[in-house]
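Engineer: The structure follows.
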Amino acid sequence: MIQKSKGILIVLSGFSGSGKGTIMKELMKKYSDQYALSISATTRSPRPGETDGVEYFFRTKEQFEKMIADDELIEYAKYVDNYYGTPKAYVEEQLAAGKDVILEIEIQGALKVKEKFPDTLLMFVTPPSAEELKSRLVGRGTEEMSVIESRLSRAVEEAQGIEAYDYLIVNDKLDACVEEVHSIIHNEHFRVSRNLSAISDMRHQLTAFSKKD
Ligand SMILES: Nc1nc2c(ncn2[C@@H]2O[C@H](COP(=O)(O)OP(=O)(O)O)[C@@H](O)[C@H]2O)c(=O)[nH]1
Ligand SMILES: Nc1ncnc2c1ncn2[C@@H]1O[C@H](COP(=O)(O)OP(=O)(O)O)[C@@H](O)[C@H]1O
């Protein structure tokens with residue numbers, strides 16, 4: 001049997017308020033058997049409705065720094081006064097099990113992951129306009145105005161790095177956007193460079209077969 005390409009490591013980045021979290025929730029609802037979503041550790045406080053171990057592993061600064069020292073993170077970054085990082089063990093486990101693993105992380109982390117794992121697929125989410133971004137951030141109601149302003153100025157910096165990504169996703173209509181993300185990942189499995197071992201198997205089989213008679 002020719003094997004299908006193995007699990008892909010996927011990074012989804014985007015401005016705060018662009019809708020990454022919402023897209024991921026919907027994607028996991030619809031296709032939970034295909035994707036593993038990595039849960040990051042962070043020193044930021046939980047928002048109302050967020051639970052430790054679901055949205056994030058909420059940790060103190062001391063606990064987070066211990067995770068760094070113990071080499072438990074694939075990457076970590078500071079974002080608007082807090083640490084965020086990707087625990088190593090889960091990602092390695094899920095990739096080994098053949099799952100596509102999604103990291104919802106910001107751009108500095110995305111670049112570190114790409115450096116460590118060059119096959120990583122990088123996607124960047126943007127809302128249809130800057131005005132819509134602000135209105136989503138305000139509408140979410142989870143940050144005070146001063147934090148929203150910091151996140152919007154961070155977005156100005158992040159916009160400078162989008163060319164490092166493979167795909168740009170415009171999150172206008174949510175359902176369409178979820179399907180776009182899913183189909184990009186689905187199609188990525190067929191890329192020749194991700195199927196070199198299947199190609200080599202096929203060559204061996206054909207050679208053996210042609211020598212039979
Ligand atoms: N580098 C890195 N960034 C992360 C990680 N987890 C989350 N982030 C990013 O940190 C930023 C802030 O996340 P959060 O406070 O949850 O705000 P939100 O994006 O507006 O929901 C976002 O850009 C996330 O994608 C991580 O493990 N590593
Ligand atoms: N396609 C969309 N259309 C309208 N509102 C959206 C859409 N996607 C997300 N939102 C809303 O925008 C806000 C920010 O979304 P969220 O997923 O928290 O963003 P992020 O994780 O990128 O910070 C939330 O209130 C969410 O309900």
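Starting from 1 in every chain, residues are counted up; chains themselves are A, B, ... following the order of the structure tokens, and ligands are numbered from 1 as listed.
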What does the list of residues within 12 Å of ligand 2 look like if you count only C-alpha atoms and all ligand atoms, written as a ChimeraX atom specification?
Structural biologist: /A:12-27,47,50,55,104-106,124-129,132-143,148,151-152,155,169-178
Engineer: Please give the complete set of residues from stretch 73-176 of chain A that DSSP, run on the backbone, assigns to helix (DSSP H, G or I), formatted as an MDAnalysis selection string.
Structural biologist: chainID A and resid 88:96 107:116 130:140 145:164 174:176
Engineer: What does the distance from atom CA of A:Leu73 to atom CA of A:Lys88 come to in Å, to one decimal?
Structural biologist: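 Distance reported for this atom pair: 5.0 Å.
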Engineer: Return the single residue from A:Tyr31, A:Thr86, A:Asp100, A:Lys4 that is closest to A:Ile199, with distances computed using only C-alpha atoms.
Structural biologist: A:Lys4
Engineer: May I ask for the distance between atom CA of A:Met28 and atom CA of A:Gln94, given in Å to one decimal place?
Structural biologist: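 So the answer is 14.8 Å.
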Engineer: Run DSSP on the backbone and grab whatever in stretch 91-139 of chain A lands in strand (DSSP E or B); send it over as a list in words.
Structural biologist: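 The residues of stretch 91-139 of chain A classed as strand (DSSP E or B) are Asp100, Val101, Ile102, Leu103, Glu104, Leu121, Leu122, Met123, Phe124, Val125 and Thr126 of chain A.
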Engineer: Do you have the atom CA of A:Ala159-atom CA of A:Pro46 distance handy?
Structural biologist: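 Interatomic distance, atom CA of A:Ala159 to atom CA of A:Pro46: 26.4 Å.
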Engineer: Within 10 Å of A:Ile68, counting only C-alpha atoms, which residues qualify if same-chain residues fewer than 6 places away don't, as a PDB file with C-alpha atoms, in the first residue's frame?
Structural biologist:
```pdb
ATOM      1  CA  GLU A  62       7.735  31.558  37.761  1.00  0.00           C
ATOM      2  CA  ILE A  74       8.983  24.249  21.276  1.00  0.00           C
ATOM      3  CA  GLU A  75       8.918  28.035  21.203  1.00  0.00           C
ATOM      4  CA  TYR A  76       7.757  30.920  23.341  1.00  0.00           C
ATOM      5  CA  GLY A  85       4.534  29.149  24.591  1.00  0.00           C
ATOM      6  CA  PRO A  87       4.395  22.668  25.001  1.00  0.00           C
TER       7      PRO A  87
END
```
Engineer: Excluding A:Ile102 and any residue of its chain fewer than 2 positions from it, enumerate the residues within 8 Å of it, using only C-alpha atoms, and give them as a PyMOL selection string.
Structural biologist: chain A and resi 9-12+35-38+100+104
